[in-house]
Amino acid sequence: MLILRKFARDLPAMLGLGIVLVVVFLAIFGPWLAPYPQDAFQSHLLQRLKPPSAAFPFGTDNLGRDILSRVILGARGALKVALAVVGAAMAIGVPLGLLAGYTRGFVSELIMRVTDVFLALPQLILALALAQLLGASTESAMLALALTYWPYFTRIVQAETRRLSASLFVDALQGLGAGTWRILLLHILPNALSPVIVRATIGLGFTILVAAVLGFLGMGATPPDPDWGLAVAQSRTYLPGAWWFATFPGLAILVAVLGFNLLGDGLRDIADPRLRRSR
Amino acid sequence: MTSMLEVRDLSVHLGGRRRWLRRSVPPVRAVREVNLDLRPGEILGVVGESGCGKTTLGRTILGLQREAAGEIRLEGRSVGGLAPREARQARAAIQYVHQDAGAALDPWWSLGRTLEEALLIHGVTAAAERRERVDAILAAVGLDATVRPRYPHELSGGQLRRVALARILVLRPKIVILDEPTSGLDMSVQAAVLNLLLDLRRRFGLSYLFISHDLSVVRRLCDRVAVMYLGRVVELAPAETLFAAPLHPYTRTLLAAAPSLDPSTRPATAALQGEPPSAARLPPGCAFAARCPHAAPRCRSEDPPLEHADDGRQVACHRWRDLPGHSVPGAVSTAQLAAHS
Amino acid sequence: MAVDTLAVTGLKVSIQGDEGTARILDHIRLHLAPGRILGVVGESGCGKSTLIRAILGILPEGARVEAGEVMFEGENLLAFSEAELNRNVRGSRISFIPQDPYLALNPLFTIGQQLTETLRWHAPALRSNAQRRARLVELLRRVQLPDAEGALDRYPHQFSGGQRQRLLIAAALACSPRLVIADEPTTALDVTTQQQILVLLRELVTEFGLSMLFVTHDLGVVAELCDAVCVIYSGQTVESGPTAPLLKAPLHPYTRALLGCHPERSEGFAGIPGAVPSPLRAPPGCRFAPRCAHARPACSARAPHLLTPEPGRQVDCILYEQDTVPA
């Protein structure tokens, strides 16, 4: 397979893929991998703010919980938020983009103008406003992020659909008498999908970052959830002394976001149907 | 003899639209009052330079482009005045092969799936029947089942033409519109494709509307030829007569401009000066008058109708009777230029 | 006899690719006499564009000249350094007319801006912009561009395809070259426009005392324009000679087969069986042998000797060595 061979030679993309696989693995098997899985909720005030040691490789936090365990357990929450947000954004954005791209006139104009309005909303501000309105919780953060992320998909899909519907193979299908749904779902959608997948992959990383920021601002996850952003927020008070408290959850965010971005960039390079081979 | 396809006074307008809060765009009259008949088993050539409306004419007959005026009759049945979807259903017996056969295939679909899709669209639900019909047609166009799992970019230009033909032939059409079927092909591949077209016509009883700018191919392949200039048919005649003794001044210059392997045998006619006017701003009268060496004042005011000349020829020119039989005296051709150096 | 403007002998070029080394040009031989137009004819994949690039010294990355000479007015271009080529050869003594007039002009700059740039590089005698403009207007008039003065201030999209090709021809002539290489300059044009351009090229060659290498796949255009022809098949020169006799009575089986496919000559549209071999797995000896009706074992074993069966005509085919030419 040419496509895989080309991808395998792309070192940053392979690094990204490796990181993403680790994050996914941790998200699934975290409770069995973490040295102290019960530290998600239990505190041990006797061993608070211990520096990294053999027993606690990443040290402990202000409530004496093992930071390594909490970083591992945090992966599931981060990935869940990211997947839900990007999934919801795609579910809204992709069909709207197809519709706006394939039709001409009023409907298309309307969709694109509404998209522009949503694109103009700053993501964090809307998220903060919604959190105020609905109460600070992971759910309201997710709703706010999904509501601000779908326009990116609409834009990409609309532009691709417009380009593809002017292409010769769509013309040939119309000539054969193919119906609109067949053309749209079986031909235009798969052809428009590669940039969507690239955007979604990068979007997963981006959502992890923004969700962490919301956690940091106290508008996302609530204690005692093992959330990376929340952990960084809690560590502020102890910062000069307990450097490990902020560093390891922060690094987790950095590495996860980087991983998704590298993978997305790598996918962009191979999103070309000419790399498809029958044998 | 009844016609497979009759086109009466067909006009097509392109691109004009009324825009919201902006100035409206007037349409381009891409095809103007065209009359054509396609007889059973015939190859009717449509020739002309880019922008003459030959592709638009083909797409309108197919049904992808809606006509502004005129009548289209398929085997005596009126199939005009329909929106694209209905037009394609009423005209399933007409199919179209694109100029760029590779780009007309979905790059993400294997060829086998693409070929069967045509049947699926036309309601052949039994997978076994689809497979059988596709295999039979693949054999007819000189390919075999090994192309099924392959993707369009893996095939050569000649193979792609064959796939494009197979794709519409599975639908058992009666009329095939071929849009520049040999452009971009090497000479040796072109010969094989033309041979295949003749073979398929015989085998499946097809009639072709053969749109091309390559006069040497048209001359060899077509029974009759329609010459278009800026949306109108200016001359329509049996291929042999048209190439031997063209009537319309535009046909004459067109034939004289076509490169030939033996330039000395060709009649010398002045190279046409200038370029065709834009179809969006047509002059009154005959559209060719501005470039025509024989234009009279009448030509600039009154558009000549397509009239019947002798032996089945039709020509749209006020002055065809007055024109000299052959070459224009004093003209210099490329052939002569090549000769003196 | 005067020195040939361009003489290519024994040129071998290979390209290192993902799947191995492909010898794109296997042996190329062509001679272009001063003041003449030589047609280089071949089907797609025969190495025409690699040949142009080898002459201009702009081979793509991974390509290497293995052997051969490219003599331009008696000097071997392959021995020139990149800087020498830029200063004294490309764009000045050798100029190029590309195939696609739509792609060769930058849509963001006026014609005047783009063409004066070339003159600034290669015609230092013209000191001011006014002088350069005057020279360009003169050239644009010569290539019969309507409204030559106004043309310099317009943008590429404001011209038709034929007019753009005229602009590029004017640009190619701007620095008084000795050799013009034209890569299928009329392929994208309609026949009547093509005829106008061919007439113009012929006039310009005579008037400016140029030599022209005219690369094409269209035998009809060759018949109209060229004095001599060089036929290439899969990177090998198979036959060369003066146009009229070569087209009338081709010698090499490939040239015969190719002409036999032309609608004016063909009997029943036979085509040539088989396909052009990939240069990755080209047979040794004559590359046409696997498709040749007259091939014999020796054809695939060794390269044919160059033969001159008639004065001025050359053919690379074993059949002519043994005098066993098929009728």
# chains A, B, ... in the order shown; residues from 1 in each chain; ligands from 1
>>> residues_around(residues="range 16-25 of chain A", least_positions_apart="4", cutoff="9 Å", atoms="only C-alpha atoms", output="PyMOL selection string")
chain A and resi 11-12+29-30+72+75-76+79+255-256+258-264+266
>>> residues_around(residues="range 112-125 of chain A", least_positions_apart="3", cutoff="12 Å", atoms="only C-alpha atoms", output="JSON, numbers by chain")
{"A": [92, 93, 94, 96, 97, 98, 99, 100, 101, 103, 104, 105, 106, 107, 108, 109, 128, 129, 130, 131, 132, 141, 142, 143, 144, 145, 146, 147, 148, 149, 150, 151, 152, 153, 154, 155, 156, 157, 158, 159, 206, 207, 209, 210, 211, 212, 213, 214, 215, 217, 219, 220]}
>>> closest_residue(among="C:Leu108, C:Glu69, C:Glu43, C:Gly161", to="Tyr254 in chain C", atoms="only C-alpha atoms")
C:Glu43
>>> interface_residues(of="chain B", to="chain C", cutoff="7 Å", atoms="only C-alpha atoms", output="ChimeraX atom specification")
/B:49-50,186-189,191-192,194-195,216-217,220,254,257-263,271-272,334-335,338
>>> closest_atom_pairs(of="chain B", to="chain A", cutoff="7 Å", atoms="only C-alpha atoms", output="CSV")
residue,atom,partner,partner_atom,distance
B:Leu64,CA,A:Gly175,CA,6.5
B:Arg85,CA,A:Gly177,CA,6.8
B:Arg88,CA,A:Gly177,CA,5.5
B:Gln89,CA,A:Gly177,CA,6.7
B:Tyr96,CA,A:Gly175,CA,6.9
B:Ala103,CA,A:Leu168,CA,5.7
B:Ala104,CA,A:Phe169,CA,3.7
B:Leu105,CA,A:Phe169,CA,4.9
B:Asp106,CA,A:Phe169,CA,5.6
B:Pro107,CA,A:Pro273,CA,6.2
B:Trp108,CA,A:Pro273,CA,6.0
B:Ala118,CA,A:Leu176,CA,6.6
B:Ile121,CA,A:Ala178,CA,5.8
B:Pro149,CA,A:Ser278,CA,5.8
B:Arg150,CA,A:Ser278,CA,4.9
B:Tyr151,CA,A:Ser278,CA,6.6
B:His153,CA,A:Arg274,CA,6.3
>>> select_by_dssp(residues="range 103-322 of chain B", states="alpha helix (DSSP H)", output="ChimeraX atom specification")
/B:111-121,127-140,157-169,187-204,215-221,239-244,249-257
>>> atom_distance(atom1="CA of Ile67 in chain A", atom2="CA of Ala136 in chain A")
23.8 Å
>>> residues_around(residues="Cys292 in chain B", least_positions_apart="5", cutoff="10 Å", atoms="only C-alpha atoms", output="PDB file with N, CA and C atoms, in the first residue's frame")
ATOM      1  N   HIS B 248     -19.775  27.312 -47.842  1.00  0.00           N
ATOM      2  CA  HIS B 248     -19.722  28.513 -47.010  1.00  0.00           C
ATOM      3  C   HIS B 248     -18.284  29.032 -46.910  1.00  0.00           C
ATOM      4  N   PRO B 249     -18.091  30.342 -46.966  1.00  0.00           N
ATOM      5  CA  PRO B 249     -16.720  30.873 -46.863  1.00  0.00           C
ATOM      6  C   PRO B 249     -16.013  30.462 -45.578  1.00  0.00           C
ATOM      7  N   TYR B 250     -16.767  30.321 -44.479  1.00  0.00           N
ATOM      8  CA  TYR B 250     -16.121  29.903 -43.240  1.00  0.00           C
ATOM      9  C   TYR B 250     -15.614  28.471 -43.357  1.00  0.00           C
ATOM     10  N   THR B 253     -12.357  28.454 -45.279  1.00  0.00           N
ATOM     11  CA  THR B 253     -11.157  28.861 -44.546  1.00  0.00           C
ATOM     12  C   THR B 253     -10.789  27.829 -43.491  1.00  0.00           C
ATOM     13  N   LEU B 272      -7.256  33.069 -42.424  1.00  0.00           N
ATOM     14  CA  LEU B 272      -8.289  33.907 -41.839  1.00  0.00           C
ATOM     15  C   LEU B 272      -7.634  34.928 -40.917  1.00  0.00           C
ATOM     16  N   GLN B 273      -8.024  36.177 -41.051  1.00  0.00           N
ATOM     17  CA  GLN B 273      -7.449  37.200 -40.173  1.00  0.00           C
ATOM     18  C   GLN B 273      -8.317  37.364 -38.934  1.00  0.00           C
ATOM     19  N   CYS B 286     -24.869  38.406 -40.519  1.00  0.00           N
ATOM     20  CA  CYS B 286     -24.108  37.160 -40.455  1.00  0.00           C
ATOM     21  C   CYS B 286     -22.933  37.337 -39.503  1.00  0.00           C
ATOM     22  N   ALA B 287     -22.766  36.406 -38.550  1.00  0.00           N
ATOM     23  CA  ALA B 287     -21.725  36.549 -37.537  1.00  0.00           C
ATOM     24  C   ALA B 287     -20.329  36.470 -38.149  1.00  0.00           C
ATOM     25  N   CYS B 299     -24.825  41.283 -45.912  1.00  0.00           N
ATOM     26  CA  CYS B 299     -24.366  40.317 -44.907  1.00  0.00           C
ATOM     27  C   CYS B 299     -24.256  40.952 -43.532  1.00  0.00           C
TER      28      CYS B 299
END
>>> select_by_dssp(residues="range 62-300 of chain C", states="strand (DSSP E)", output="VMD selection string")
chain C and resid 63 to 72 75 to 76 94 to 97 179 to 183 211 to 216 228 to 233 236 to 242
>>> residues_around(residues="Leu103 in chain C", least_positions_apart="4", cutoff="12 Å", atoms="only C-alpha atoms", output="number ranges by chain")
C: 97-99, 107, 156-157, 161, 164-165, 168, 188
>>> atom_distance(atom1="CA of Ala282 in chain C", atom2="CA of Val141 in chain B")
28.0 Å
